[in-house]
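Visitor: Next comes data02.cif, mmCIF, C-alpha atoms and all ligand atoms:
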data_final
#
loop_
_atom_site.label_atom_id
_atom_site.label_comp_id
_atom_site.auth_asym_id
_atom_site.auth_seq_id
_atom_site.Cartn_x
_atom_site.Cartn_y
_atom_site.Cartn_z
CA MET A 71 -15.96 49.67 -24.55
CA ALA A 72 -16.23 46.43 -22.75
CA SER A 73 -15.27 48.15 -19.53
CA GLU A 74 -18.28 50.43 -19.86
CA LEU A 75 -20.60 47.48 -20.00
CA ASP A 76 -18.87 45.75 -17.14
CA GLY A 77 -19.87 48.43 -14.71
CA LEU A 78 -23.57 48.07 -15.46
CA PRO A 79 -25.71 46.05 -13.09
CA VAL A 80 -26.72 42.66 -14.40
CA ILE A 81 -30.25 42.81 -15.63
CA ALA A 82 -32.17 39.65 -14.96
CA THR A 83 -35.64 38.98 -16.22
CA ARG A 84 -38.37 38.12 -13.75
CA ARG A 85 -38.36 34.55 -14.96
CA GLU A 86 -34.63 34.13 -14.32
CA GLU A 87 -35.02 35.73 -10.96
CA ALA A 88 -37.82 33.38 -10.07
CA GLU A 89 -35.81 30.41 -11.25
CA GLY A 90 -32.80 31.54 -9.29
CA PHE A 91 -34.92 31.96 -6.18
CA LEU A 92 -36.40 28.50 -6.60
CA GLN A 93 -33.01 26.99 -7.26
CA GLY A 94 -31.66 28.65 -4.14
CA LEU A 95 -34.45 27.17 -2.05
CA VAL A 96 -33.89 23.75 -3.54
CA SER A 97 -30.15 23.99 -3.03
CA LYS A 98 -30.50 24.98 0.56
CA SER A 99 -32.93 22.26 1.47
CA LEU A 100 -31.12 19.59 -0.53
CA GLY A 101 -27.84 20.63 1.03
CA TRP A 102 -29.40 20.50 4.47
CA ALA A 103 -30.79 17.06 3.80
CA ARG A 104 -27.60 15.70 2.30
CA LYS A 105 -25.19 17.00 4.88
CA TYR A 106 -26.93 15.15 7.71
CA SER A 107 -27.27 11.84 5.91
CA LEU A 108 -23.76 11.01 4.82
CA PHE A 109 -23.43 7.31 4.15
CA THR A 110 -19.74 6.53 4.34
CA TYR A 111 -17.78 3.92 2.49
CA PRO A 112 -14.64 3.25 4.56
CA PHE A 113 -11.76 2.29 2.26
CA VAL A 114 -9.55 1.13 5.11
CA THR A 115 -6.10 -0.03 4.12
CA ALA A 116 -3.75 0.58 7.03
CA CYS A 117 -3.22 1.59 10.64
CA CYS A 118 -5.52 4.65 10.42
CA GLY A 119 -8.32 2.09 10.49
CA MET A 120 -7.90 1.83 14.26
CA GLU A 121 -8.57 5.52 14.54
CA TYR A 122 -11.51 5.21 12.20
CA MET A 123 -13.02 2.64 14.57
CA THR A 124 -12.58 4.97 17.51
CA MET A 125 -14.14 7.81 15.58
CA ALA A 126 -17.09 5.69 14.56
CA SER A 127 -17.74 4.01 17.89
CA ALA A 128 -19.50 5.22 21.00
CA ARG A 129 -17.01 7.63 22.57
CA TYR A 130 -16.60 9.98 19.63
CA ASP A 131 -19.68 8.80 17.80
CA SER A 132 -19.76 10.13 14.27
CA ASP A 133 -23.47 9.31 14.31
CA ARG A 134 -24.02 12.68 15.95
CA PHE A 135 -23.15 14.17 12.57
CA GLY A 136 -25.28 11.77 10.60
CA ALA A 137 -22.20 10.08 9.17
CA ALA A 138 -22.27 6.81 11.02
CA MET A 139 -23.68 4.38 8.56
CA PRO A 140 -20.87 2.53 6.81
CA ARG A 141 -22.14 0.99 3.62
CA PHE A 142 -19.94 -1.74 2.31
CA SER A 143 -21.04 -1.20 -1.22
CA PRO A 144 -19.82 1.92 -3.00
CA ARG A 145 -23.13 2.10 -4.87
CA GLN A 146 -24.96 2.95 -1.68
CA ALA A 147 -22.45 5.41 -0.27
CA ASP A 148 -21.91 9.09 -0.84
CA LEU A 149 -18.85 9.79 1.31
CA LEU A 150 -15.71 7.85 0.44
CA MET A 151 -13.30 7.83 3.36
CA VAL A 152 -9.87 6.76 2.25
CA VAL A 153 -8.32 5.59 5.51
CA GLY A 154 -4.67 4.65 5.26
CA THR A 155 -1.84 4.20 2.85
CA VAL A 156 -2.72 3.71 -0.79
CA ASN A 157 0.02 2.11 -2.81
CA CYS A 158 0.43 1.92 -6.55
CA LYS A 159 -1.01 -1.59 -6.67
CA GLN A 160 -4.22 -0.39 -5.03
CA ALA A 161 -4.63 2.77 -7.07
CA PRO A 162 -6.76 1.17 -9.82
CA ILE A 163 -9.03 -0.40 -7.17
CA LEU A 164 -9.56 2.92 -5.41
CA GLN A 165 -10.29 4.67 -8.68
CA ARG A 166 -12.77 2.00 -9.63
CA ILE A 167 -14.57 2.26 -6.30
CA TYR A 168 -14.82 6.03 -6.70
CA GLU A 169 -16.31 5.62 -10.14
CA GLN A 170 -18.85 3.11 -8.85
CA MET A 171 -20.26 5.57 -6.35
CA ALA A 172 -23.43 7.34 -7.43
CA ASP A 173 -23.51 11.11 -7.61
CA PRO A 174 -23.50 13.20 -5.47
CA LYS A 175 -20.29 11.94 -3.86
CA TRP A 176 -17.61 13.38 -1.67
CA VAL A 177 -14.18 12.12 -0.68
CA MET A 178 -12.29 12.51 2.57
CA ALA A 179 -8.56 11.79 2.80
CA PHE A 180 -8.07 10.41 6.30
CA GLY A 181 -4.49 10.71 7.62
CA VAL A 182 -1.30 11.95 6.05
CA CYS A 183 -0.79 8.81 4.02
CA ALA A 184 -4.01 9.31 2.10
CA SER A 185 -3.51 13.09 1.93
CA SER A 186 0.05 13.23 0.68
CA GLY A 187 1.74 9.86 0.91
CA GLY A 188 3.11 10.88 4.30
CA PHE A 189 6.58 9.65 5.04
CA TYR A 190 6.26 6.79 2.56
CA ASP A 191 8.11 8.67 -0.14
CA ASN A 192 9.25 5.48 -1.80
CA TYR A 193 8.75 3.25 -4.81
CA ALA A 194 5.43 1.81 -3.72
CA THR A 195 3.16 4.55 -2.38
CA VAL A 196 0.87 6.96 -4.19
CA GLN A 197 1.79 10.48 -3.08
CA GLY A 198 -1.71 11.48 -2.05
CA ILE A 199 -4.98 10.09 -3.33
CA ASP A 200 -5.72 13.42 -5.01
CA ARG A 201 -3.42 12.17 -7.74
CA ILE A 202 -6.04 9.55 -8.54
CA ILE A 203 -9.44 10.93 -7.48
CA PRO A 204 -10.70 14.39 -6.48
CA VAL A 205 -10.68 15.05 -2.73
CA ASP A 206 -12.96 17.36 -0.71
CA VAL A 207 -11.47 17.27 2.80
CA TYR A 208 -7.98 16.45 3.95
CA VAL A 209 -7.55 15.36 7.57
CA PRO A 210 -3.88 15.48 8.55
CA GLY A 211 -2.30 13.49 11.34
CA CYS A 212 -0.69 10.13 11.75
CA PRO A 213 -3.19 8.92 12.73
CA PRO A 214 -5.51 11.92 13.13
CA ARG A 215 -7.25 12.42 16.45
CA PRO A 216 -10.96 11.58 16.28
CA GLU A 217 -11.69 15.25 17.00
CA GLN A 218 -9.82 16.16 13.84
CA VAL A 219 -11.91 13.77 11.82
CA LEU A 220 -15.11 15.14 13.32
CA ASP A 221 -13.88 18.61 12.43
CA GLY A 222 -13.26 17.37 8.92
CA ILE A 223 -16.80 16.02 8.75
CA MET A 224 -18.15 19.37 9.92
CA LEU A 225 -16.10 21.18 7.29
CA LEU A 226 -17.47 18.83 4.69
CA GLN A 227 -21.00 19.49 5.93
CA LYS A 228 -20.41 23.19 5.56
CA LYS A 229 -19.17 22.60 2.05
CA ILE A 230 -22.18 20.46 1.17
CA GLN A 231 -24.53 23.11 2.56
CA ASN A 232 -22.95 25.79 0.42
CA GLN A 233 -22.84 23.78 -2.76
CA SER A 234 -25.39 24.45 -5.43
CA HIS A 235 -27.47 21.33 -5.73
CA LYS A 236 -29.37 20.95 -8.95
CA LEU A 237 -32.54 18.99 -9.27
CA ILE A 238 -31.56 17.89 -12.74
CA ASP A 239 -27.92 18.10 -13.70
CA ARG A 240 -27.37 17.74 -17.41
CA LYS A 241 -23.63 18.28 -17.28
CA PRO A 242 -21.65 15.39 -18.74
CA LEU A 243 -19.92 13.32 -16.10
CA PRO A 244 -16.22 14.07 -15.78
CA VAL A 245 -13.81 11.42 -16.90
CA ILE A 246 -11.18 11.08 -14.22
CA ALA A 247 -8.32 9.48 -16.07
CA GLY A 248 -7.63 6.97 -18.72
CA GLY A 249 -5.10 4.28 -18.05
CA PRO A 250 -3.85 0.97 -19.28
CA GLY A 251 -6.59 -1.60 -19.43
CA ARG A 252 -9.40 0.93 -19.88
CA MET B 197 24.74 -27.82 21.47
CA SER B 198 24.78 -25.27 18.70
CA LYS B 199 28.52 -25.65 18.33
CA ALA B 200 27.71 -29.29 17.77
CA VAL B 201 25.36 -28.31 14.92
CA ILE B 202 28.06 -26.51 12.99
CA ALA B 203 30.61 -29.19 13.84
CA ALA B 204 28.29 -31.88 12.53
CA LEU B 205 27.69 -29.85 9.37
CA VAL B 206 31.36 -29.28 8.67
CA GLU B 207 32.11 -32.90 9.38
CA ARG B 208 29.35 -34.12 7.08
CA PHE B 209 29.89 -31.60 4.25
CA PRO B 210 33.58 -30.59 4.39
CA ASP B 211 33.50 -29.26 0.84
CA ALA B 212 30.17 -27.40 1.03
CA VAL B 213 30.16 -25.70 4.45
CA HIS B 214 32.96 -23.31 5.30
CA ALA B 215 33.95 -20.31 7.38
CA PRO B 216 31.71 -20.96 10.42
CA TYR B 217 31.48 -18.14 12.96
CA GLU B 218 29.30 -17.01 15.83
CA GLY B 219 26.89 -14.35 14.67
CA VAL B 220 25.05 -11.60 16.54
CA GLY B 221 22.94 -13.06 19.33
CA GLY B 222 25.05 -16.20 19.57
CA ASP B 223 23.54 -17.99 16.59
CA ASP B 224 25.85 -20.16 14.60
CA CYS B 225 26.46 -19.05 11.06
CA ALA B 226 28.22 -20.60 8.15
CA PHE B 227 28.65 -20.12 4.43
CA VAL B 228 27.24 -22.85 2.21
CA GLU B 229 27.96 -23.65 -1.42
CA ARG B 230 25.01 -22.67 -3.59
CA SER B 231 24.70 -26.02 -5.36
CA ARG B 232 24.66 -27.99 -2.09
CA ILE B 233 22.16 -25.93 -0.11
CA VAL B 234 19.32 -28.44 -0.50
CA ASP B 235 21.52 -31.32 0.67
CA VAL B 236 22.71 -29.37 3.68
CA CYS B 237 19.16 -28.33 4.58
CA ARG B 238 17.85 -31.87 4.16
CA PHE B 239 20.55 -33.15 6.50
CA LEU B 240 19.68 -30.45 9.06
CA LYS B 241 16.01 -31.28 8.85
CA GLU B 242 16.09 -35.06 8.78
CA GLU B 243 18.91 -35.88 11.18
CA PRO B 244 17.04 -36.60 14.46
CA SER B 245 19.72 -35.07 16.66
CA LEU B 246 19.38 -31.76 14.78
CA ALA B 247 15.72 -31.70 13.61
CA PHE B 248 15.58 -28.20 12.12
CA ASN B 249 11.92 -28.51 11.31
CA MET B 250 11.19 -24.87 10.62
CA ALA B 251 12.51 -22.11 8.34
CA PRO B 252 11.19 -18.98 10.06
CA TYR B 253 12.89 -16.55 7.75
CA ILE B 254 14.68 -16.65 4.43
CA THR B 255 15.85 -13.37 2.98
CA ALA B 256 18.46 -11.85 0.75
CA VAL B 257 21.10 -9.13 0.99
CA ASP B 258 22.46 -6.96 -1.79
CA TYR B 259 26.18 -6.24 -1.37
CA LEU B 260 26.42 -3.82 -4.26
CA GLY B 261 29.94 -3.69 -5.66
CA ALA B 262 31.04 -7.04 -4.27
CA THR B 263 31.33 -10.20 -6.33
CA PRO B 264 29.29 -12.28 -6.04
CA ARG B 265 26.76 -9.55 -5.46
CA PHE B 266 23.91 -11.18 -3.53
CA GLU B 267 23.56 -13.41 -0.56
CA VAL B 268 20.56 -15.52 0.42
CA VAL B 269 20.30 -16.01 4.17
CA TYR B 270 18.48 -19.00 5.65
CA ASN B 271 17.46 -18.73 9.29
CA LEU B 272 16.54 -22.18 10.54
CA LEU B 273 14.94 -23.16 13.83
CA SER B 274 14.74 -26.49 15.58
CA THR B 275 11.65 -26.47 17.76
CA VAL B 276 12.72 -29.87 19.13
CA HIS B 277 16.07 -28.74 20.51
CA ASN B 278 15.39 -24.98 20.62
CA LYS B 279 18.37 -24.10 18.45
CA ARG B 280 18.86 -21.70 15.61
CA VAL B 281 21.35 -21.70 12.78
CA ARG B 282 21.98 -19.26 9.97
CA LEU B 283 23.23 -20.32 6.55
CA ARG B 284 24.54 -17.82 4.02
CA VAL B 285 24.72 -18.59 0.32
CA LYS B 286 26.58 -16.32 -2.08
CA VAL B 287 24.74 -15.71 -5.33
CA PRO B 288 26.09 -13.94 -8.43
CA GLU B 289 23.93 -11.49 -10.34
CA GLY B 290 22.00 -12.47 -13.43
CA PRO B 291 20.36 -15.65 -14.73
CA GLU B 292 23.32 -17.86 -13.84
CA GLY B 293 22.74 -17.06 -10.16
CA VAL B 294 19.98 -19.64 -9.74
CA VAL B 295 19.47 -20.97 -6.23
CA PRO B 296 17.94 -24.43 -5.70
CA SER B 297 14.61 -24.07 -3.93
CA VAL B 298 14.07 -25.54 -0.47
CA THR B 299 10.27 -25.54 -0.76
CA GLY B 300 10.45 -29.33 -0.99
CA LEU B 301 11.73 -29.39 2.60
CA TRP B 302 9.79 -26.57 4.19
CA ARG B 303 6.50 -25.63 2.51
CA GLY B 304 6.72 -22.24 4.22
CA ALA B 305 9.80 -21.30 2.21
CA ASP B 306 7.49 -20.67 -0.75
CA TRP B 307 6.66 -17.02 -0.08
CA PHE B 308 10.15 -16.20 1.19
CA GLU B 309 11.66 -17.33 -2.07
CA ARG B 310 9.05 -15.45 -4.06
CA TYR B 311 9.91 -12.41 -1.94
CA CYS B 312 13.60 -12.79 -2.79
CA TRP B 313 12.70 -12.97 -6.47
CA ASP B 314 10.35 -9.97 -6.23
CA MET B 315 12.60 -7.66 -4.24
CA TYR B 316 16.09 -8.73 -5.34
CA GLY B 317 15.62 -10.63 -8.59
CA ILE B 318 17.20 -13.86 -7.39
CA PRO B 319 15.71 -16.80 -9.31
CA PHE B 320 15.04 -20.13 -7.60
CA SER B 321 14.98 -23.39 -9.49
CA GLY B 322 12.42 -26.06 -8.63
CA HIS B 323 10.02 -23.58 -7.04
CA PRO B 324 6.37 -24.50 -7.73
CA ASP B 325 5.13 -20.97 -8.40
CA MET B 326 7.89 -18.45 -9.16
CA ARG B 327 5.98 -15.16 -9.34
CA ARG B 328 6.27 -11.78 -7.72
CA LEU B 329 4.95 -11.73 -4.17
CA LEU B 330 4.24 -8.09 -3.29
CA MET B 331 4.67 -5.93 -6.37
CA TYR B 332 2.33 -6.09 -9.35
CA ASP B 333 3.16 -7.99 -12.50
CA GLU B 334 3.59 -4.80 -14.55
CA PHE B 335 6.40 -3.62 -12.26
CA GLU B 336 9.82 -3.54 -13.89
CA GLY B 337 12.95 -4.12 -11.88
CA HIS B 338 13.44 -5.24 -8.32
CA PRO B 339 12.88 -2.48 -5.78
CA LEU B 340 15.15 -3.54 -2.90
CA ARG B 341 18.23 -3.72 -5.09
CA LYS B 342 20.57 -0.97 -4.04
CA ASP B 343 20.73 0.45 -7.56
CA TYR B 344 16.94 0.80 -7.86
CA PRO B 345 15.95 4.47 -7.47
CA LEU B 346 14.25 5.16 -4.12
CA ARG B 347 11.32 6.97 -5.70
CA GLY B 348 11.15 4.84 -8.83
CA ARG B 349 7.36 4.72 -8.85
CA GLN B 350 5.63 2.91 -11.67
CA PRO B 351 1.99 4.01 -11.40
CA LEU B 352 -0.70 1.76 -12.83
CA VAL B 353 -3.18 4.54 -13.52
CA VAL B 354 -2.56 7.89 -15.14
CA GLU B 355 -2.22 10.42 -12.35
CA ARG B 356 -4.31 13.59 -12.31
CA GLU B 357 -2.82 17.02 -12.53
CA VAL B 358 -3.28 18.76 -9.18
CA HIS B 359 -3.33 22.50 -9.69
CA ASP B 360 -4.51 24.23 -6.55
CA ILE B 361 -2.20 22.63 -4.03
CA PHE B 362 1.38 23.66 -3.47
CA ARG B 363 3.47 20.58 -2.89
CA GLY B 364 7.01 21.83 -2.93
CA PRO B 365 9.41 19.95 -5.15
CA GLY B 366 7.05 17.13 -5.98
CA PRO B 367 7.81 13.59 -7.03
CA ALA B 368 7.10 14.50 -10.63
CA SER B 369 10.16 16.73 -10.68
CA ARG B 370 12.29 14.55 -8.44
CA ASP B 371 12.12 11.16 -10.07
S1 LIG C 1 -1.24 8.30 8.42
FE1 LIG C 1 -0.06 7.14 9.94
S2 LIG C 1 -1.63 5.95 11.04
FE2 LIG C 1 -2.53 6.62 9.10
S3 LIG C 1 -2.16 4.98 7.64
FE3 LIG C 1 -0.48 6.43 7.44
S4 LIG C 1 1.10 5.63 8.79
FE4 LIG C 1 -0.82 4.65 9.39
#
Take the structure in the file and write it out as structure tokens.
Ligand code: SF4

Guide:
Amino acid sequence: MASELDGLPVIATRREEAEGFLQGLVSKSLGWARKYSLFTYPFVTACCGMEYMTMASARYDSDRFGAAMPRFSPRQADLLMVVGTVNCKQAPILQRIYEQMADPKWVMAFGVCASSGGFYDNYATVQGIDRIIPVDVYVPGCPPRPEQVLDGIMLLQKKIQNQSHKLIDRKPLPVIAGGPGR
Amino acid sequence: MSKAVIAALVERFPDAVHAPYEGVGGDDCAFVERSRIVDVCRFLKEEPSLAFNMAPYITAVDYLGATPRFEVVYNLLSTVHNKRVRLRVKVPEGPEGVVPSVTGLWRGADWFERYCWDMYGIPFSGHPDMRRLLMYDEFEGHPLRKDYPLRGRQPLVVEREVHDIFRGPGPASRD
């Protein structure tokens, strides 16, 4: 019985259609605006930082993608770049910084250490920051070439463009994790 | 000259310094009694013909299975005479294996001794600030001991479940 209904086309009222159309327009233009104005917060902890500097400075120039403005306050940033090894002692700090960022926010894992722990499979290192915070783009490499990072930024821009951006989002904010001392 | 260092040491402390030998790189090495290490170091530092005014590196070694189990190694440098000497102190495991601190002689020994406590669990007596150096206070155990598990991670925050990524045999199943 249910299968019979499944085959039917979805009937939308004119109001829903109009709303969907409007929402689509808003999404597209908001996505377009947001993808070219990424304010990054560089969370630089290790040697990948050298590669971050190359990527951000004149030769590779991430400004061409609108992602050149490092904000050293997480409250003003919307792209968190985790550049380098994150160890267990730093994990609460990183999580706190992520939670301080205002929505909408995206996260890039820069280098194998941030993506998966890399070769530091030992007592001290978090095996990938996705165990602490959600990640949008992973850039592999030790350290990654600046071209790879730019490619990662472009992938992220594509993702932002295709996201559905709401004018008013009434969804409750997700709680990442509880831990000791919270 | 460096032969003279060890000779002077053995002559001055016949009961505390023993088994001198020439180590890798030509440095002079000797074993020192644990209770006399501060006296020996003070002599090395304050005797003008020796003048070991710097302790560039103090570390520890875990000889698992041997008794006594640990060894604290003092690498000393005389910038006046451009000589190095290495002192080895055998330390048993547990609270009775307390090593007298040399921070009173070289202020820079502070972090090295805290490092030895953090990584190997060797306590130092007379140290002004005996805390962990690198690991966090909540950490249990001493990670460079040979019987500490390699992947013995002690996360401070609850880790998220990651569903959509295949990781192979992950740390969760290995540790
Ligand atoms: S990925 Fe390589 S370059 Fe980057 S932080 Fe890790 S070890 Fe350093």

Visitor: Just give me the gap between CA of Arg265 in chain B and CA of Val287 in chain B in Å, one decimal is fine.

Guide: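 Distance reported for this atom pair: 6.5 Å.
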
Visitor: Show me which residues line ligand LIG 1 (chain C), defined as having an atom within 12 Å of a ligand atom where only C-alpha atoms and all ligand atoms count, and present them as an NGL selection string.

Guide: :A and (113-122 or 152-157 or 179-191 or 195-198 or 208-215)

Visitor: Between CA of Val281 in chain B and CA of Ile202 in chain B, what is the spacing in Å?

Guide: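 That distance, rounded to one decimal, is 8.3 Å.
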
Visitor: One number please: CA of Trp313 in chain B to CA of Arg341 in chain B, in Å, one decimal.

Guide: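 These atoms are spaced 10.9 Å apart.
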
Visitor: Distance cut-off 6 Å, counting all atoms listed in the file - which residues of chain B neighbour chain A? Return them as number ranges by chain.

Guide: B: 346-349, 351, 353-356

Visitor: For Ala200 in chain B, please output as a PyMOL selection string all residues within 12 Å (counting all atoms listed in the file; exclusion window: fewer than 4 positions along the same chain).

Guide: chain B and resi 204-208+216+224+240+245-246+277+279-281

Visitor: For Ala103 in chain A, which residue out of A:Lys175, A:Tyr168, A:Gly136, A:Gln146 is the nearest one, using all atoms listed in the file?

Guide: A:Gly136

Visitor: Find the spatial neighbours of Thr299 in chain B, counting only C-alpha atoms, within a cut-off of 9 Å - ignore same-chain residues fewer than 5 positions away - and output them as a VMD selection string.

Guide: chain B and resid 304 to 306 309 322 to 324

Visitor: Would you put the residues from that selection into a file with C-alpha atoms, as a compact mmCIF listing (two decimals), in the coordinates of the input?

Guide:
# COMPACT_ATOMS: atom_id res chain seq x y z
CA GLY B 304 6.72 -22.24 4.22
CA ALA B 305 9.80 -21.30 2.21
CA ASP B 306 7.49 -20.67 -0.75
CA GLU B 309 11.66 -17.33 -2.07
CA GLY B 322 12.42 -26.06 -8.63
CA HIS B 323 10.02 -23.58 -7.04
CA PRO B 324 6.37 -24.50 -7.73

Visitor: At a cut-off of 9 Å, using all atoms listed in the file, what residues contact Asn232 in chain A? Leave out same-chain residues fewer than 2 positions from it and give the result as a ChimeraX atom specification.

Guide: /A:97-98,101,227-230,234-235

Visitor: Measuring between all atoms listed in the file, which one of A:Pro216, A:Gly94, A:Pro144, A:Pro112 shows the shortest distance to Ser127 in chain A?

Guide: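 Of the candidates, the smallest distance to Ser127 in chain A is held by A:Pro216.
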
Visitor: Could you list, as an mmCIF file with C-alpha atoms, in the coordinates of the input, every residue within 6 Å of Leu150 in chain A, counting only C-alpha atoms and ignoring same-chain residues fewer than 2 positions away?

Guide:
data_model
loop_
_atom_site.group_PDB
_atom_site.id
_atom_site.type_symbol
_atom_site.label_atom_id
_atom_site.label_comp_id
_atom_site.auth_asym_id
_atom_site.auth_seq_id
_atom_site.Cartn_x
_atom_site.Cartn_y
_atom_site.Cartn_z
ATOM 1 C CA THR A 110 -19.740 6.530 4.340
ATOM 2 C CA TYR A 111 -17.780 3.920 2.490
ATOM 3 C CA VAL A 177 -14.180 12.120 -0.680
#

Visitor: What are the centre and edge lengths in Å, to one decimal, of the axis-aligned box around all listed atoms of range 206-225 of chain B with 4 Å added on each side, as JSON?

Guide:
{"center_x": 28.4, "center_y": -22.9, "center_z": 10.2, "size_x": 19.0, "size_y": 30.5, "size_z": 26.7}

Visitor: Residues near Ser231 in chain B, anyone? I mean within 12 Å using only C-alpha atoms, not counting same-chain ones fewer than 5 positions away, as a PDB file with C-alpha atoms, in the frame of the given file.

Guide:
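Resulting contents of selection_5.pdb:
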ATOM      1  CA  ASP B 211      33.500 -29.260   0.840  1.00  0.00           C
ATOM      2  CA  ALA B 212      30.170 -27.400   1.030  1.00  0.00           C
ATOM      3  CA  VAL B 213      30.160 -25.700   4.450  1.00  0.00           C
ATOM      4  CA  VAL B 236      22.710 -29.370   3.680  1.00  0.00           C
ATOM      5  CA  CYS B 237      19.160 -28.330   4.580  1.00  0.00           C
ATOM      6  CA  VAL B 285      24.720 -18.590   0.320  1.00  0.00           C
ATOM      7  CA  LYS B 286      26.580 -16.320  -2.080  1.00  0.00           C
ATOM      8  CA  VAL B 287      24.740 -15.710  -5.330  1.00  0.00           C
ATOM      9  CA  GLU B 292      23.320 -17.860 -13.840  1.00  0.00           C
ATOM     10  CA  GLY B 293      22.740 -17.060 -10.160  1.00  0.00           C
ATOM     11  CA  VAL B 294      19.980 -19.640  -9.740  1.00  0.00           C
ATOM     12  CA  VAL B 295      19.470 -20.970  -6.230  1.00  0.00           C
ATOM     13  CA  PRO B 296      17.940 -24.430  -5.700  1.00  0.00           C
ATOM     14  CA  SER B 297      14.610 -24.070  -3.930  1.00  0.00           C
ATOM     15  CA  VAL B 298      14.070 -25.540  -0.470  1.00  0.00           C
ATOM     16  CA  PHE B 320      15.040 -20.130  -7.600  1.00  0.00           C
ATOM     17  CA  SER B 321      14.980 -23.390  -9.490  1.00  0.00           C
TER      18      SER B 321
END

Visitor: Taking only C-alpha atoms into account, which of B:Thr263, B:Thr255, B:Asn249, B:Gln350 comes nearest Met315 in chain B?

Guide: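 Comparing B:Thr263, B:Thr255, B:Asn249, B:Gln350 against Met315 in chain B, the winner is B:Thr255.
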
Visitor: Pull all heavy atoms for range 284-289 of chain B from the block and write them as a CSV table (one decimal), in the first residue's frame.

Guide:
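The resulting file, decode32.csv, is shown below:
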chain,number,residue,atom,x,y,z
B,284,ARG,N,76.7,8.9,35.2
B,284,ARG,CA,75.6,8.0,35.2
B,284,ARG,C,75.3,7.6,36.6
B,284,ARG,O,76.2,7.1,37.3
B,284,ARG,CB,75.9,6.7,34.3
B,284,ARG,CG,76.1,7.1,32.9
B,284,ARG,CD,76.7,6.0,32.1
B,284,ARG,NE,75.7,4.9,31.9
B,284,ARG,CZ,76.0,3.8,31.2
B,284,ARG,NH1,77.1,3.7,30.5
B,284,ARG,NH2,75.1,2.8,31.1
B,285,VAL,N,74.0,7.7,36.9
B,285,VAL,CA,73.6,7.4,38.3
B,285,VAL,C,72.5,6.3,38.2
B,285,VAL,O,71.5,6.5,37.5
B,285,VAL,CB,73.0,8.6,39.0
B,285,VAL,CG1,72.5,8.2,40.4
B,285,VAL,CG2,74.1,9.7,39.1
B,286,LYS,N,72.7,5.2,38.9
B,286,LYS,CA,71.7,4.1,38.9
B,286,LYS,C,70.6,4.4,39.9
B,286,LYS,O,70.9,4.8,41.0
B,286,LYS,CB,72.4,2.8,39.2
B,286,LYS,CG,73.3,2.3,38.0
B,286,LYS,CD,73.5,0.8,38.1
B,286,LYS,CE,74.4,0.3,36.9
B,286,LYS,NZ,73.6,0.4,35.7
B,287,VAL,N,69.4,4.2,39.4
B,287,VAL,CA,68.2,4.5,40.3
B,287,VAL,C,67.3,3.4,40.3
B,287,VAL,O,66.8,2.9,39.3
B,287,VAL,CB,67.5,5.8,39.7
B,287,VAL,CG1,66.4,6.2,40.7
B,287,VAL,CG2,68.4,6.9,39.5
B,288,PRO,N,66.9,2.8,41.5
B,288,PRO,CA,65.9,1.8,41.5
B,288,PRO,C,64.5,2.3,41.3
B,288,PRO,O,64.3,3.5,41.4
B,288,PRO,CB,66.1,1.2,43.0
B,288,PRO,CG,66.7,2.3,43.7
B,288,PRO,CD,67.5,3.1,42.8
B,289,GLU,N,63.6,1.4,41.0
B,289,GLU,CA,62.2,1.9,40.7
B,289,GLU,C,61.5,2.2,42.0
B,289,GLU,O,61.9,1.6,43.1
B,289,GLU,CB,61.5,0.7,40.0
B,289,GLU,CG,60.2,1.1,39.4
B,289,GLU,CD,59.5,0.0,38.7
B,289,GLU,OE1,60.2,-1.1,38.5
B,289,GLU,OE2,58.4,0.1,38.2
